[in-house]
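K.L.:
Let me give you the structure first, and then I'll get to my questions.
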Amino acid sequence: MKVDAITLREIQMPLVQFFETSFSRTYSRRILLVTVHCEGINGWGECVAGENPFYSSEWVESAWPTIKHHLAPAVLGHDLTSVRESAALMARVRGHRMAKAAVENALWDAEAKQKQQPLWKLLGGTRREILCGVSVGIQDSIEQLLDKIQTELAAGYRRIKVKVKPGWDVNVLERIRSRWPDIQLSCDANSAYTLDEVEHLRKFDQFNLLMIEQPLWDDDIYYHARLQRELRTAICLDESILHARDAAAAAETGACRIINIKVGRVGGFTEARKVHDVCQANNVPVWCGGMLESGIGRAHNIALSTLTNFCLPGDVAASKRYWKEDVIEPEVEVTPQGAIVIRNEPGTGYRVREDLIEKLTTRKETIRAVA
């Protein structure tokens, strides 16, 4: 499969409702899409880097030039026997995992189409449906949050995750548990706490949570291991896990009991599968986190979630939760039982709406192989 050209596009999509974490509130997404052109086949990828370098050091304005000047030239002109070779070709660039994932995942989509296989099957997936949870951001009031949770439960979602931060945590969890004592509930701190607050974090144990996600520093494993020994509640690591070695270290040190795998955060499907395998070998269950993706990135998350150790509901929710109109068809839908049925068409199984993408595009550039 020869890589002839790569097209970068930035599109802008307003969210149906704002999404707030411990570090920012987002109303609209700037999304960087990557199209790889391979001998007449187009594969699509999405860079999940944000509008600002808050979740990670990567953001849209770092990803675009990194792909243009370094990652695209690394793969252009190569005749790949397998898409797995692309990760090695881009390895010279340190970090920039979200940018790498956008290119690599687009190549996986292209290879699946070339082989007339569903992407999930090419990845080695086995699940024919995946269970879905939702992530509910910080709201303007607890009453507004409770209303949103009621809506999501009525839609069938199997796990509710709420964002927390100092001042918006114990009181919020108390209100949720008093109304829904038995739902599967978790919380996500996005690194909002420090180890000095261990006594406060112990209060979370009373709420019978599935997990508390990334309570401490985004680059930390060691102090999470110390904290996990102090809590009954399972810690889930997200930002700290950048590759399989991190997952192995977290498992060996007892830094967490659950790991969130985001394909963009770890640099693409090749590394995501390695993280999955390390976790499975260490009996650490995993789930797939979301990054407010368009349908293109969402379809990739669905394919990844078919791997066997994705045994907890992920954040792969329906398109309509985020977008008035998504850039794929059919849009991602969740059954009343809180599941997504896996599609069998070649590639991701969803058709990219190139006409709509053109309307949403704010900039576009194609990089071609040098003759």
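Chain lettering (A, B, ...) mirrors the order of the structure tokens, residue numbering begins at 1 for each chain separately, and ligand numbering begins at 1 in order of display.
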Which of segment 39-93 of chain A end up as strand (DSSP E or B) when DSSP is run on this backbone - answer as an NGL selection string?
P.N.:
:A and (41-47 or 50 or 59 or 79)
K.L.:
Please, which residues in segment 142-167 of chain A fall within 7 Å of segment 320-339 of chain A when counting only C-alpha atoms, and what is the closest atom pair and distance in Å to one decimal for each, ordered by chain then residue number, as a Markdown table?
P.N.:
| residue | atom | partner | partner_atom | distance |
| --- | --- | --- | --- | --- |
| A:Ala155 | CA | A:Pro336 | CA | 6.0 |
| A:Gly156 | CA | A:Gly338 | CA | 4.5 |
| A:Tyr157 | CA | A:Gly338 | CA | 4.5 |
| A:Arg158 | CA | A:Gly338 | CA | 5.7 |
K.L.:
Considering only C-alpha atoms, state which residue in the set A:Leu195, A:Cys279, A:Leu76, A:Ala299 is at the smallest distance from Val341 of chain A.
P.N.:
A:Ala299
K.L.:
Taking the chain letters and numbering used in this document, name the residues of segment 120-349 of chain A that DSSP puts in alpha helix (DSSP H), as a ChimeraX atom specification.
P.N.:
/A:120-123,142-154,170-179,198-202,222-228,244-253,263-266,269-281,295-304
K.L.:
Write out as a VMD selection string the residues lying within 10 Å of Val170 of chain A, counting only C-alpha atoms and excluding same-chain residues fewer than 5 positions away.
P.N.:
chain A and resid 164 to 165 175 to 176 200 to 201 203 to 204 206 to 207
K.L.:
For the residues in that selection, give me all heavy atoms as a PDB file, in the first residue's frame.
P.N.:
ATOM      1  N   VAL A 164     -14.974  16.024  38.360  1.00  0.00           N
ATOM      2  CA  VAL A 164     -14.879  16.611  39.694  1.00  0.00           C
ATOM      3  C   VAL A 164     -13.642  17.495  39.788  1.00  0.00           C
ATOM      4  O   VAL A 164     -12.696  17.368  39.003  1.00  0.00           O
ATOM      5  CB  VAL A 164     -14.816  15.524  40.795  1.00  0.00           C
ATOM      6  CG1 VAL A 164     -16.129  14.757  40.874  1.00  0.00           C
ATOM      7  CG2 VAL A 164     -13.631  14.586  40.587  1.00  0.00           C
ATOM      8  N   LYS A 165     -13.673  18.378  40.770  1.00  0.00           N
ATOM      9  CA  LYS A 165     -12.541  19.234  41.105  1.00  0.00           C
ATOM     10  C   LYS A 165     -12.784  19.737  42.525  1.00  0.00           C
ATOM     11  O   LYS A 165     -13.919  19.612  43.047  1.00  0.00           O
ATOM     12  CB  LYS A 165     -12.418  20.407  40.124  1.00  0.00           C
ATOM     13  CG  LYS A 165     -13.600  21.389  40.148  1.00  0.00           C
ATOM     14  CD  LYS A 165     -13.402  22.524  39.164  1.00  0.00           C
ATOM     15  CE  LYS A 165     -14.581  23.496  39.201  1.00  0.00           C
ATOM     16  NZ  LYS A 165     -14.381  24.635  38.256  1.00  0.00           N
ATOM     17  N   ARG A 175     -25.154  14.036  46.421  1.00  0.00           N
ATOM     18  CA  ARG A 175     -26.465  14.270  45.812  1.00  0.00           C
ATOM     19  C   ARG A 175     -26.805  13.188  44.788  1.00  0.00           C
ATOM     20  O   ARG A 175     -27.944  12.735  44.687  1.00  0.00           O
ATOM     21  CB  ARG A 175     -26.491  15.656  45.153  1.00  0.00           C
ATOM     22  CG  ARG A 175     -26.477  16.819  46.142  1.00  0.00           C
ATOM     23  CD  ARG A 175     -27.815  16.979  46.845  1.00  0.00           C
ATOM     24  NE  ARG A 175     -28.894  17.239  45.888  1.00  0.00           N
ATOM     25  CZ  ARG A 175     -29.188  18.446  45.392  1.00  0.00           C
ATOM     26  NH1 ARG A 175     -28.468  19.504  45.769  1.00  0.00           N
ATOM     27  NH2 ARG A 175     -30.184  18.604  44.548  1.00  0.00           N
ATOM     28  N   ILE A 176     -25.801  12.775  44.009  1.00  0.00           N
ATOM     29  CA  ILE A 176     -26.047  11.737  43.006  1.00  0.00           C
ATOM     30  C   ILE A 176     -26.411  10.424  43.680  1.00  0.00           C
ATOM     31  O   ILE A 176     -27.391   9.766  43.315  1.00  0.00           O
ATOM     32  CB  ILE A 176     -24.809  11.553  42.100  1.00  0.00           C
ATOM     33  CG1 ILE A 176     -24.522  12.835  41.304  1.00  0.00           C
ATOM     34  CG2 ILE A 176     -25.026  10.370  41.141  1.00  0.00           C
ATOM     35  CD1 ILE A 176     -23.200  12.804  40.557  1.00  0.00           C
ATOM     36  N   HIS A 200      -9.056  14.117  52.185  1.00  0.00           N
ATOM     37  CA  HIS A 200     -10.249  14.517  51.434  1.00  0.00           C
ATOM     38  C   HIS A 200     -10.637  13.437  50.432  1.00  0.00           C
ATOM     39  O   HIS A 200     -11.816  13.084  50.301  1.00  0.00           O
ATOM     40  CB  HIS A 200     -10.004  15.848  50.723  1.00  0.00           C
ATOM     41  CG  HIS A 200     -11.164  16.319  49.900  1.00  0.00           C
ATOM     42  ND1 HIS A 200     -12.322  16.808  50.459  1.00  0.00           N
ATOM     43  CD2 HIS A 200     -11.355  16.351  48.545  1.00  0.00           C
ATOM     44  CE1 HIS A 200     -13.176  17.133  49.499  1.00  0.00           C
ATOM     45  NE2 HIS A 200     -12.608  16.870  48.331  1.00  0.00           N
ATOM     46  N   LEU A 201      -9.656  12.886  49.725  1.00  0.00           N
ATOM     47  CA  LEU A 201      -9.940  11.874  48.714  1.00  0.00           C
ATOM     48  C   LEU A 201     -10.483  10.585  49.335  1.00  0.00           C
ATOM     49  O   LEU A 201     -11.234   9.847  48.683  1.00  0.00           O
ATOM     50  CB  LEU A 201      -8.681  11.584  47.899  1.00  0.00           C
ATOM     51  CG  LEU A 201      -8.241  12.732  46.971  1.00  0.00           C
ATOM     52  CD1 LEU A 201      -6.843  12.469  46.418  1.00  0.00           C
ATOM     53  CD2 LEU A 201      -9.236  12.934  45.840  1.00  0.00           C
ATOM     54  N   LYS A 203     -12.750  10.470  51.398  1.00  0.00           N
ATOM     55  CA  LYS A 203     -14.203  10.652  51.500  1.00  0.00           C
ATOM     56  C   LYS A 203     -14.926  10.068  50.291  1.00  0.00           C
ATOM     57  O   LYS A 203     -16.111   9.743  50.364  1.00  0.00           O
ATOM     58  CB  LYS A 203     -14.539  12.138  51.650  1.00  0.00           C
ATOM     59  CG  LYS A 203     -14.006  12.768  52.928  1.00  0.00           C
ATOM     60  CD  LYS A 203     -14.317  14.264  52.980  1.00  0.00           C
ATOM     61  CE  LYS A 203     -13.724  14.901  54.222  1.00  0.00           C
ATOM     62  NZ  LYS A 203     -13.962  16.384  54.274  1.00  0.00           N
ATOM     63  N   PHE A 204     -14.206   9.923  49.168  1.00  0.00           N
ATOM     64  CA  PHE A 204     -14.817   9.362  47.975  1.00  0.00           C
ATOM     65  C   PHE A 204     -15.184   7.893  48.176  1.00  0.00           C
ATOM     66  O   PHE A 204     -16.057   7.365  47.485  1.00  0.00           O
ATOM     67  CB  PHE A 204     -13.863   9.487  46.777  1.00  0.00           C
ATOM     68  CG  PHE A 204     -13.680  10.893  46.251  1.00  0.00           C
ATOM     69  CD1 PHE A 204     -13.470  11.966  47.095  1.00  0.00           C
ATOM     70  CD2 PHE A 204     -13.689  11.137  44.887  1.00  0.00           C
ATOM     71  CE1 PHE A 204     -13.294  13.252  46.608  1.00  0.00           C
ATOM     72  CE2 PHE A 204     -13.512  12.427  44.380  1.00  0.00           C
ATOM     73  CZ  PHE A 204     -13.318  13.482  45.257  1.00  0.00           C
ATOM     74  N   GLN A 206     -16.875   6.409  50.329  1.00  0.00           N
ATOM     75  CA  GLN A 206     -18.234   6.148  50.816  1.00  0.00           C
ATOM     76  C   GLN A 206     -19.265   6.032  49.689  1.00  0.00           C
ATOM     77  O   GLN A 206     -20.392   5.582  49.927  1.00  0.00           O
ATOM     78  CB  GLN A 206     -18.666   7.261  51.770  1.00  0.00           C
ATOM     79  CG  GLN A 206     -18.806   8.626  51.096  1.00  0.00           C
ATOM     80  CD  GLN A 206     -19.075   9.750  52.059  1.00  0.00           C
ATOM     81  OE1 GLN A 206     -20.151   9.810  52.650  1.00  0.00           O
ATOM     82  NE2 GLN A 206     -18.101  10.639  52.235  1.00  0.00           N
ATOM     83  N   PHE A 207     -18.879   6.392  48.468  1.00  0.00           N
ATOM     84  CA  PHE A 207     -19.871   6.480  47.390  1.00  0.00           C
ATOM     85  C   PHE A 207     -19.912   5.254  46.480  1.00  0.00           C
ATOM     86  O   PHE A 207     -20.629   5.255  45.474  1.00  0.00           O
ATOM     87  CB  PHE A 207     -19.627   7.745  46.567  1.00  0.00           C
ATOM     88  CG  PHE A 207     -19.707   9.000  47.383  1.00  0.00           C
ATOM     89  CD1 PHE A 207     -18.598   9.818  47.542  1.00  0.00           C
ATOM     90  CD2 PHE A 207     -20.884   9.342  48.032  1.00  0.00           C
ATOM     91  CE1 PHE A 207     -18.658  10.960  48.312  1.00  0.00           C
ATOM     92  CE2 PHE A 207     -20.962  10.490  48.812  1.00  0.00           C
ATOM     93  CZ  PHE A 207     -19.834  11.299  48.961  1.00  0.00           C
TER      94      PHE A 207
END
K.L.:
With only C-alpha atoms as the atoms that count, which of A:Val16, A:Ile149, A:Cys256, A:Ala318 lies nearest to Asn282 of chain A?
P.N.:
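The closest residue to Asn282 of chain A is A:Cys256.
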